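Novice: Next comes the structure file entry_20.csv, holding CSV, C-alpha atoms.
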chain,number,residue,atom,x,y,z
A,1,MET,CA,0.0,0.0,0.0
A,2,ALA,CA,1.5,3.3,-1.0
A,3,HIS,CA,2.2,6.0,1.5
A,4,ASP,CA,-0.2,8.3,-0.2
A,5,PHE,CA,-3.5,8.2,1.6
A,6,ARG,CA,-6.2,10.3,0.0
A,7,THR,CA,-7.8,12.4,2.7
A,8,LEU,CA,-11.4,13.3,3.3
A,9,LEU,CA,-11.7,16.4,5.4
A,10,LEU,CA,-15.1,17.1,6.9
A,11,ALA,CA,-16.0,20.8,7.3
A,12,GLY,CA,-19.7,20.6,7.7
A,13,LYS,CA,-22.2,22.3,9.9
A,14,ARG,CA,-24.1,20.8,12.8
A,15,ARG,CA,-27.8,21.0,13.1
A,16,GLY,CA,-29.1,24.0,15.0
A,17,ILE,CA,-26.9,26.8,16.3
A,18,ASP,CA,-23.1,26.2,16.5
A,19,ALA,CA,-22.0,28.1,19.5
A,20,VAL,CA,-18.4,28.2,18.4
A,21,ALA,CA,-19.2,29.7,14.9
A,22,GLU,CA,-21.7,32.1,16.4
A,23,ALA,CA,-19.2,33.4,19.0
A,24,ARG,CA,-16.7,34.3,16.3
A,25,GLY,CA,-19.3,35.7,13.9
A,26,VAL,CA,-18.9,33.2,11.0
A,27,SER,CA,-21.4,30.8,9.3
A,28,PHE,CA,-19.7,27.5,10.2
A,29,LYS,CA,-17.0,26.2,12.4
A,30,ALA,CA,-14.3,25.4,9.9
A,31,ILE,CA,-13.7,29.1,9.1
A,32,VAL,CA,-13.7,30.2,12.8
A,33,PRO,CA,-10.6,32.5,13.4
A,34,LEU,CA,-8.2,30.6,15.6
A,35,ALA,CA,-4.8,32.0,16.7
A,36,GLY,CA,-4.9,34.3,13.7
A,37,ARG,CA,-6.0,31.8,11.0
A,38,PRO,CA,-9.2,29.9,10.0
A,39,MET,CA,-9.4,26.7,12.0
A,40,ILE,CA,-9.3,24.5,8.9
A,41,ALA,CA,-6.0,26.1,7.8
A,42,TRP,CA,-4.2,24.4,10.7
A,43,VAL,CA,-5.5,21.0,9.6
A,44,LEU,CA,-4.6,21.6,6.0
A,45,ASP,CA,-1.0,22.6,6.8
A,46,ALA,CA,-0.6,19.4,8.9
A,47,LEU,CA,-2.0,17.3,6.0
A,48,LYS,CA,0.2,19.0,3.4
A,49,ASP,CA,3.4,18.4,5.5
A,50,SER,CA,2.5,14.8,6.2
A,51,ASP,CA,4.6,12.0,4.6
A,52,TYR,CA,1.5,9.8,4.4
A,53,ALA,CA,-1.5,12.0,3.5
A,54,GLY,CA,-2.1,12.5,-0.1
A,55,PRO,CA,-4.7,14.4,-2.2
A,56,ILE,CA,-7.3,16.3,-0.1
A,57,TYR,CA,-11.1,16.2,-0.6
A,58,ILE,CA,-13.3,18.5,1.5
A,59,SER,CA,-16.9,18.2,2.3
A,60,ALA,CA,-17.9,21.7,3.3
A,61,ALA,CA,-21.1,23.4,4.6
A,62,ASP,CA,-20.4,26.3,2.3
A,63,PRO,CA,-17.7,25.8,-0.4
A,64,ALA,CA,-17.9,29.5,-1.5
A,65,ALA,CA,-17.4,30.8,2.0
A,66,LEU,CA,-14.6,28.4,2.6
A,67,ARG,CA,-12.8,29.7,-0.5
A,68,ASP,CA,-13.3,33.3,0.6
A,69,HIS,CA,-11.8,32.6,4.0
A,70,VAL,CA,-9.0,30.2,3.1
A,71,PRO,CA,-7.0,31.3,0.1
A,72,SER,CA,-4.6,28.4,0.1
A,73,LEU,CA,-6.9,25.8,-1.4
A,74,ASP,CA,-5.1,25.4,-4.7
A,75,THR,CA,-3.8,21.9,-3.8
A,76,VAL,CA,-7.2,20.6,-2.7
A,77,ARG,CA,-8.4,18.2,-5.3
A,78,SER,CA,-12.2,18.7,-4.7
A,79,ILE,CA,-14.5,20.7,-2.5
A,80,GLU,CA,-18.0,19.3,-2.3
A,81,PRO,CA,-21.1,20.7,-0.5
A,82,SER,CA,-22.2,18.7,2.5
A,83,ILE,CA,-25.8,17.6,2.7
A,84,GLY,CA,-27.5,17.2,6.0
A,85,SER,CA,-26.0,14.3,7.9
A,86,ILE,CA,-22.3,13.6,8.1
A,87,CYS,CA,-22.7,10.1,6.7
A,88,HIS,CA,-24.8,11.1,3.7
A,89,SER,CA,-22.2,13.9,3.0
A,90,ILE,CA,-19.5,11.3,2.9
A,91,GLN,CA,-21.4,8.9,0.7
A,92,LYS,CA,-22.3,11.7,-1.7
A,93,LEU,CA,-18.7,12.8,-2.0
A,94,LEU,CA,-17.6,9.2,-2.6
A,95,ALA,CA,-20.2,9.0,-5.4
A,96,ASP,CA,-19.4,12.3,-7.0
A,97,THR,CA,-15.6,12.1,-7.0
A,98,ASP,CA,-12.8,9.6,-7.6
A,99,LEU,CA,-12.2,9.2,-3.8
A,100,LYS,CA,-12.1,5.6,-2.8
A,101,PRO,CA,-10.4,3.4,-0.1
A,102,PRO,CA,-7.8,3.5,1.2
A,103,PHE,CA,-8.4,7.0,2.5
A,104,PHE,CA,-7.9,8.9,5.7
A,105,LEU,CA,-10.9,10.8,7.3
A,106,THR,CA,-10.5,13.6,9.7
A,107,THR,CA,-12.3,16.9,10.6
A,108,ALA,CA,-11.7,20.6,10.3
A,109,ASP,CA,-12.3,21.1,14.0
A,110,HIS,CA,-9.1,19.2,14.9
A,111,PRO,CA,-6.5,22.0,14.6
A,112,LEU,CA,-4.0,20.4,16.9
A,113,LEU,CA,-3.2,17.7,14.4
A,114,THR,CA,0.4,17.6,13.4
A,115,PRO,CA,2.2,15.9,10.5
A,116,ALA,CA,3.8,13.6,13.1
A,117,LEU,CA,0.4,12.5,14.5
A,118,ILE,CA,-1.0,11.9,11.0
A,119,ASP,CA,2.0,9.8,10.0
A,120,HIS,CA,2.0,7.9,13.3
A,121,PHE,CA,-1.7,7.0,12.8
A,122,LEU,CA,-1.5,6.1,9.1
A,123,ALA,CA,1.7,4.1,9.4
A,124,ALA,CA,0.2,2.0,12.2
A,125,ALA,CA,-3.1,1.6,10.4
A,126,GLU,CA,-1.3,0.4,7.3
A,127,GLN,CA,0.3,-2.4,9.3
A,128,GLN,CA,-2.8,-3.7,10.9
A,129,GLN,CA,-4.2,-5.8,8.0
A,130,VAL,CA,-7.8,-4.7,8.8
A,131,ASP,CA,-10.6,-3.0,6.9
A,132,PHE,CA,-10.9,0.0,9.2
A,133,ALA,CA,-8.8,1.7,11.9
A,134,LEU,CA,-9.5,4.6,14.3
A,135,GLY,CA,-7.2,6.7,16.5
A,136,ILE,CA,-7.8,6.7,20.2
A,137,VAL,CA,-6.1,8.2,23.3
A,138,PRO,CA,-6.2,6.2,26.5
A,139,GLU,CA,-8.0,7.9,29.4
A,140,THR,CA,-4.9,7.8,31.7
A,141,LEU,CA,-2.7,9.6,29.2
A,142,PHE,CA,-5.3,12.3,28.6
A,143,ARG,CA,-6.1,12.8,32.3
A,144,LYS,CA,-2.5,13.1,33.3
A,145,ALA,CA,-2.1,16.1,31.0
A,146,TYR,CA,-5.5,17.6,31.3
A,147,PRO,CA,-7.1,16.5,34.6
A,148,THR,CA,-9.9,19.0,34.7
A,149,ALA,CA,-10.9,19.0,31.0
A,150,LYS,CA,-14.4,17.8,30.3
A,151,ARG,CA,-14.3,14.9,28.0
A,152,THR,CA,-16.4,11.8,27.5
A,153,PHE,CA,-14.6,8.5,27.5
A,154,ILE,CA,-15.8,5.1,26.3
A,155,GLN,CA,-15.3,2.8,29.3
A,156,CYS,CA,-13.8,-0.6,28.9
A,157,ARG,CA,-12.2,-3.3,31.0
A,158,GLY,CA,-8.9,-2.0,32.2
A,159,GLU,CA,-9.1,1.5,30.8
A,160,GLY,CA,-11.3,3.9,28.9
A,161,PHE,CA,-10.5,5.8,25.8
A,162,LYS,CA,-11.5,8.7,23.6
A,163,SER,CA,-11.7,8.8,19.9
A,164,CYS,CA,-9.5,11.2,18.0
A,165,ASN,CA,-11.5,12.0,14.9
A,166,MET,CA,-8.9,10.1,12.9
A,167,PHE,CA,-10.2,7.2,10.8
A,168,ALA,CA,-8.7,5.0,8.1
A,169,PHE,CA,-11.0,3.4,5.6
A,170,LEU,CA,-8.5,0.8,4.3
A,171,THR,CA,-10.5,-1.5,2.0
A,172,PRO,CA,-13.8,-1.3,0.0
A,173,ASN,CA,-15.4,-3.5,2.7
A,174,SER,CA,-14.8,-0.7,5.2
A,175,LEU,CA,-17.6,1.4,3.5
A,176,ARG,CA,-20.1,-0.9,5.2
A,177,ILE,CA,-19.6,1.2,8.2
A,178,LEU,CA,-21.2,4.2,6.5
A,179,ASP,CA,-24.4,2.2,5.9
A,180,PHE,CA,-24.7,1.3,9.5
A,181,TRP,CA,-23.8,4.9,10.5
A,182,ALA,CA,-26.6,6.2,8.3
A,183,ASN,CA,-29.1,4.0,10.0
A,184,LEU,CA,-27.9,5.2,13.4
A,185,GLU,CA,-28.4,8.8,12.4
A,186,GLN,CA,-32.0,8.0,11.4
A,187,ASP,CA,-32.7,6.2,14.7
A,188,ARG,CA,-30.8,8.5,17.1
A,189,LYS,CA,-34.1,9.5,18.8
A,190,HIS,CA,-35.3,6.0,19.1
A,191,PRO,CA,-33.5,4.1,22.0
A,192,LEU,CA,-35.1,0.8,21.3
A,193,LYS,CA,-34.0,0.9,17.6
A,194,LEU,CA,-30.5,1.8,18.7
A,195,ALA,CA,-30.4,-1.0,21.1
A,196,ARG,CA,-31.6,-3.4,18.5
A,197,ALA,CA,-28.9,-2.2,16.0
A,198,PHE,CA,-26.1,-2.8,18.5
A,199,GLY,CA,-27.5,-6.1,19.8
A,200,LEU,CA,-28.6,-6.7,23.4
A,201,GLY,CA,-25.7,-8.9,24.1
A,202,ASN,CA,-23.2,-6.3,23.0
A,203,MET,CA,-24.9,-3.6,25.0
A,204,ILE,CA,-24.8,-5.8,28.1
A,205,ARG,CA,-21.1,-6.5,27.6
A,206,TYR,CA,-20.4,-2.8,27.2
A,207,LEU,CA,-22.4,-1.8,30.3
A,208,LEU,CA,-20.6,-4.5,32.4
A,209,ARG,CA,-17.2,-3.5,30.9
A,210,LEU,CA,-16.4,-7.0,29.9
A,211,ASP,CA,-14.3,-6.1,26.9
A,212,THR,CA,-10.9,-4.4,26.7
A,213,THR,CA,-10.5,-1.5,24.3
A,214,ASP,CA,-9.1,-3.8,21.5
A,215,GLY,CA,-11.8,-6.4,22.2
A,216,LEU,CA,-14.5,-3.8,22.0
A,217,ILE,CA,-13.3,-2.4,18.7
A,218,SER,CA,-12.9,-5.8,17.3
A,219,ARG,CA,-16.4,-6.9,18.4
A,220,ALA,CA,-18.0,-3.8,17.0
A,221,GLY,CA,-16.2,-4.4,13.7
A,222,LYS,CA,-17.5,-7.9,13.5
A,223,MET,CA,-21.0,-6.7,14.2
A,224,LEU,CA,-20.7,-4.5,11.1
A,225,GLY,CA,-19.0,-7.1,8.9
A,226,VAL,CA,-15.6,-5.5,9.0
A,227,THR,CA,-12.3,-6.1,10.7
A,228,ALA,CA,-11.3,-3.1,12.8
A,229,ALA,CA,-8.4,-2.0,15.0
A,230,ALA,CA,-7.7,0.9,17.4
A,231,ILE,CA,-4.5,2.9,17.0
A,232,ARG,CA,-3.2,4.4,20.2
A,233,MET,CA,-2.0,7.9,19.7
A,234,PRO,CA,1.1,9.0,21.7
A,235,VAL,CA,0.0,12.5,22.9
A,236,PRO,CA,-3.3,13.6,24.5
A,237,GLU,CA,-3.7,16.6,22.1
A,238,ALA,CA,-4.7,14.0,19.5
A,239,ALA,CA,-8.1,13.7,21.3
A,240,ILE,CA,-8.8,17.5,21.5
A,241,ASP,CA,-11.1,18.9,19.0
A,242,VAL,CA,-13.2,22.1,19.1
A,243,ASP,CA,-16.8,21.4,20.1
A,244,SER,CA,-17.4,24.2,22.6
A,245,ILE,CA,-16.2,27.7,23.6
A,246,PRO,CA,-14.0,26.2,26.4
A,247,ASP,CA,-12.4,23.9,23.8
A,248,LEU,CA,-11.8,26.9,21.5
A,249,ILE,CA,-10.0,28.8,24.3
A,250,GLN,CA,-8.0,25.7,25.3
A,251,VAL,CA,-6.9,25.0,21.7
A,252,GLU,CA,-6.0,28.6,21.0
A,253,ALA,CA,-3.8,28.7,24.0
A,254,ILE,CA,-2.0,25.5,22.9
A,255,LEU,CA,-1.5,26.8,19.4
A,256,THR,CA,-0.2,30.1,20.7
A,257,ALA,CA,2.2,28.3,23.0
A,258,ARG,CA,3.4,26.1,20.1
A,259,SER,CA,4.0,29.1,17.9
A,260,ALA,CA,6.0,30.8,20.7
A,261,LYS,CA,8.1,27.7,21.2
A,262,ASP,CA,8.8,27.4,17.5
A,263,SER,CA,9.8,31.1,17.3
A,264,ALA,CA,12.2,30.7,20.2
A,265,ALA,CA,13.8,27.6,18.7
Would you mind writing the file out in structure tokens?

Specialist:
Amino acid sequence: MAHDFRTLLLAGKRRGIDAVAEARGVSFKAIVPLAGRPMIAWVLDALKDSDYAGPIYISAADPAALRDHVPSLDTVRSIEPSIGSICHSIQKLLADTDLKPPFFLTTADHPLLTPALIDHFLAAAEQQQVDFALGIVPETLFRKAYPTAKRTFIQCRGEGFKSCNMFAFLTPNSLRILDFWANLEQDRKHPLKLARAFGLGNMIRYLLRLDTTDGLISRAGKMLGVTAAAIRMPVPEAAIDVDSIPDLIQVEAILTARSAKDSAA
């Protein structure tokens, strides 16, 4: 497999009011000013400097506004309008462009991504011999660095984890996940349908924390008809995205500190 993963970058808009975008006076989160630049620009730079990430495809809430706010889009292969749900936007982009597995999926609200983190994830994913891989940060690693940060962790036997908005769709079979995801989006307000989708036995195992992290990911993959693996990221910042005003303040402080450190070097 070549070290040239096409990348799908999600820059959509959530339903209802996005507090982060509203606070900064823009129409959607990807173009929120962050440490002097649009949020998505930080992610684009990390992708461009990665040894593993290749051509970039963007699913954007407003492609015209994105082009107005981010001038350095010449190297982006395609910018497509998002449509409603995340899953349907991904499926539409796959249908309308030449994007196909293997590809890397990440989000515009993940500005702490670095080329090193992307390369770590994709190199490890490439070696797993699975259909699908996702990046995670163990709870202890995150809590050691950010003990007071409000984050939701998936609890497992031994230790919980948080997803990093880093996903590798490695084979055509991995796209089965999108069909399941689409059904979940439709049933999100119907607990009984959600329980049926995951299976009662699987839900009991999760509630009782019977599976380790790797066991949980593997079991979830089998339920969807795919092989799946978790890639442990080496730094807690891999699990920090911008979902709220406190996140925005925290991430801006981290980026400012990084810039100051780079200037002093």

Novice: Report the distance between CA of Thr7 in chain A and CA of Lys162 in chain A in Å, rounded to one decimal place.

Specialist: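 These two atoms are separated by 21.5 Å.
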
Novice: My list of candidates is A:Ala23, A:Ile79, A:Ile245, A:Leu117. Which is closest to Ala53 in chain A when distances are computed with all atoms listed in the file?

Specialist: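 Distance minimum relative to Ala53 in chain A lands on A:Leu117.
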
Novice: Please provide as a list of chain:residue names all residues within 7 Å of Met233 in chain A, with the sequence filter that same-chain residues fewer than 6 positions apart are discarded (counting all atoms listed in the file).

Specialist: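 Non-adjacent residues within range: A:Phe121, A:Gly135, A:Ile136, A:Val137.
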
Novice: So which one's closest to Ala149 in chain A, A:Asp211, A:Glu237, A:Asp4, A:Asp49? Using only C-alpha atoms, please.

Specialist: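 When distances to Ala149 in chain A are compared using only C-alpha atoms, the smallest one comes from A:Glu237.
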
Novice: What is the distance, in Å and to one decimal place, between CA of Gln91 in chain A and CA of Leu178 in chain A?

Specialist: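 Going from CA of Gln91 in chain A over to CA of Leu178 in chain A, I get 7.5 Å.
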
Novice: Could you name the residues that touch Ile217 in chain A at 9 Å or less, counting all atoms listed in the file, but leaving out those on the same chain fewer than 3 positions away, as an mmCIF file with C-alpha atoms, keeping the file's coordinate frame?

Specialist:
data_model
loop_
_atom_site.group_PDB
_atom_site.id
_atom_site.type_symbol
_atom_site.label_atom_id
_atom_site.label_comp_id
_atom_site.auth_asym_id
_atom_site.auth_seq_id
_atom_site.Cartn_x
_atom_site.Cartn_y
_atom_site.Cartn_z
ATOM 1 C CA THR A 212 -10.900 -4.400 26.700
ATOM 2 C CA THR A 213 -10.500 -1.500 24.300
ATOM 3 C CA ASP A 214 -9.100 -3.800 21.500
ATOM 4 C CA ALA A 220 -18.000 -3.800 17.000
ATOM 5 C CA GLY A 221 -16.200 -4.400 13.700
ATOM 6 C CA LYS A 222 -17.500 -7.900 13.500
ATOM 7 C CA THR A 227 -12.300 -6.100 10.700
ATOM 8 C CA ALA A 228 -11.300 -3.100 12.800
ATOM 9 C CA ALA A 229 -8.400 -2.000 15.000
ATOM 10 C CA ALA A 230 -7.700 0.900 17.400
#

Novice: Can you tell me which residues surround Ala253 in chain A at a distance of at most 10 Å, considering only C-alpha atoms, apart from same-chain residues fewer than 5 positions away, and format the answer as a count of residues only?

Specialist: 6

Novice: With only C-alpha atoms as the atoms that count, which of A:Cys87, A:Asn173, A:Leu47, A:Pro246 lies nearest to Thr148 in chain A?

Specialist: A:Pro246

Novice: Write out, as CSV, each residue of range 129-194 of chain A that has an atom at most 9 Å from range 94-105 of chain A, together with the closest pair of atoms and their distance in Å to one decimal, counting all atoms listed in the file, rows going by chain and rising number.

Specialist:
residue,atom,partner,partner_atom,distance
A:Asn165,CA,A:Leu105,CA,7.7
A:Met166,CA,A:Leu105,CA,6.0
A:Phe167,CA,A:Leu105,CA,5.1
A:Ala168,CA,A:Phe104,CA,4.6
A:Phe169,CA,A:Phe103,CA,5.4
A:Leu170,CA,A:Pro102,CA,4.2
A:Thr171,CA,A:Pro101,CA,5.3
A:Pro172,CA,A:Pro101,CA,5.8
A:Asn173,CA,A:Pro101,CA,9.0
A:Ser174,CA,A:Pro101,CA,8.0
A:Leu175,CA,A:Pro101,CA,8.3

Novice: Could you please give me, as a PyMOL selection string, the residues of protein, DNA or RNA lying at most 10 Å from (-18.1, 24.3, 17.4) in the coordinate frame of the file, considering all atoms listed in the file?

Specialist: chain A and resi 13-14+17-23+28-30+32+109+241-245+247-248

Novice: If you measure from CA of Ala108 in chain A to CA of Leu10 in chain A, what distance in Å do you get, rounded to one decimal?

Specialist: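 According to the coordinates, CA of Ala108 in chain A and CA of Leu10 in chain A are separated by 5.9 Å.
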
Novice: So that I can check the surroundings of Ile31 in chain A, please list as a PyMOL selection string every protein, DNA and RNA residue that reaches within 10 Å of it, counting only C-alpha atoms and ignoring chain neighbours fewer than 4 positions away.

Specialist: chain A and resi 11+21+24-27+37-41+62+65-70+108-109

Novice: So which one's closest to Arg232 in chain A, A:Pro138, A:Gly199, A:Pro55, A:Pro147? Using only C-alpha atoms, please.

Specialist: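 Closest residue, counting only C-alpha atoms: A:Pro138.
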
Novice: Do a neighbour search on Gly158 in chain A at 12 Å with only C-alpha atoms, toss out local chain neighbours closer than 2 positions, and write the hits as a PyMOL selection string.

Specialist: chain A and resi 138-140+154-156+160-161+208-216

Novice: With only C-alpha atoms as the basis for distance, which of A:Asp119, A:Ser85, A:Asp179, A:Pro111 is at the shortest distance from Ile254 in chain A?

Specialist: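 Ranked by minimum distance to Ile254 in chain A, first place goes to A:Pro111.
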
Novice: Give the answer as one residue: which of A:Gly225, A:Thr106, A:Arg77, A:Arg143 has the shortest atom-to-atom distance to Ile177 in chain A, using only C-alpha atoms?

Specialist: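 Smallest distance to Ile177 in chain A is found for A:Gly225.
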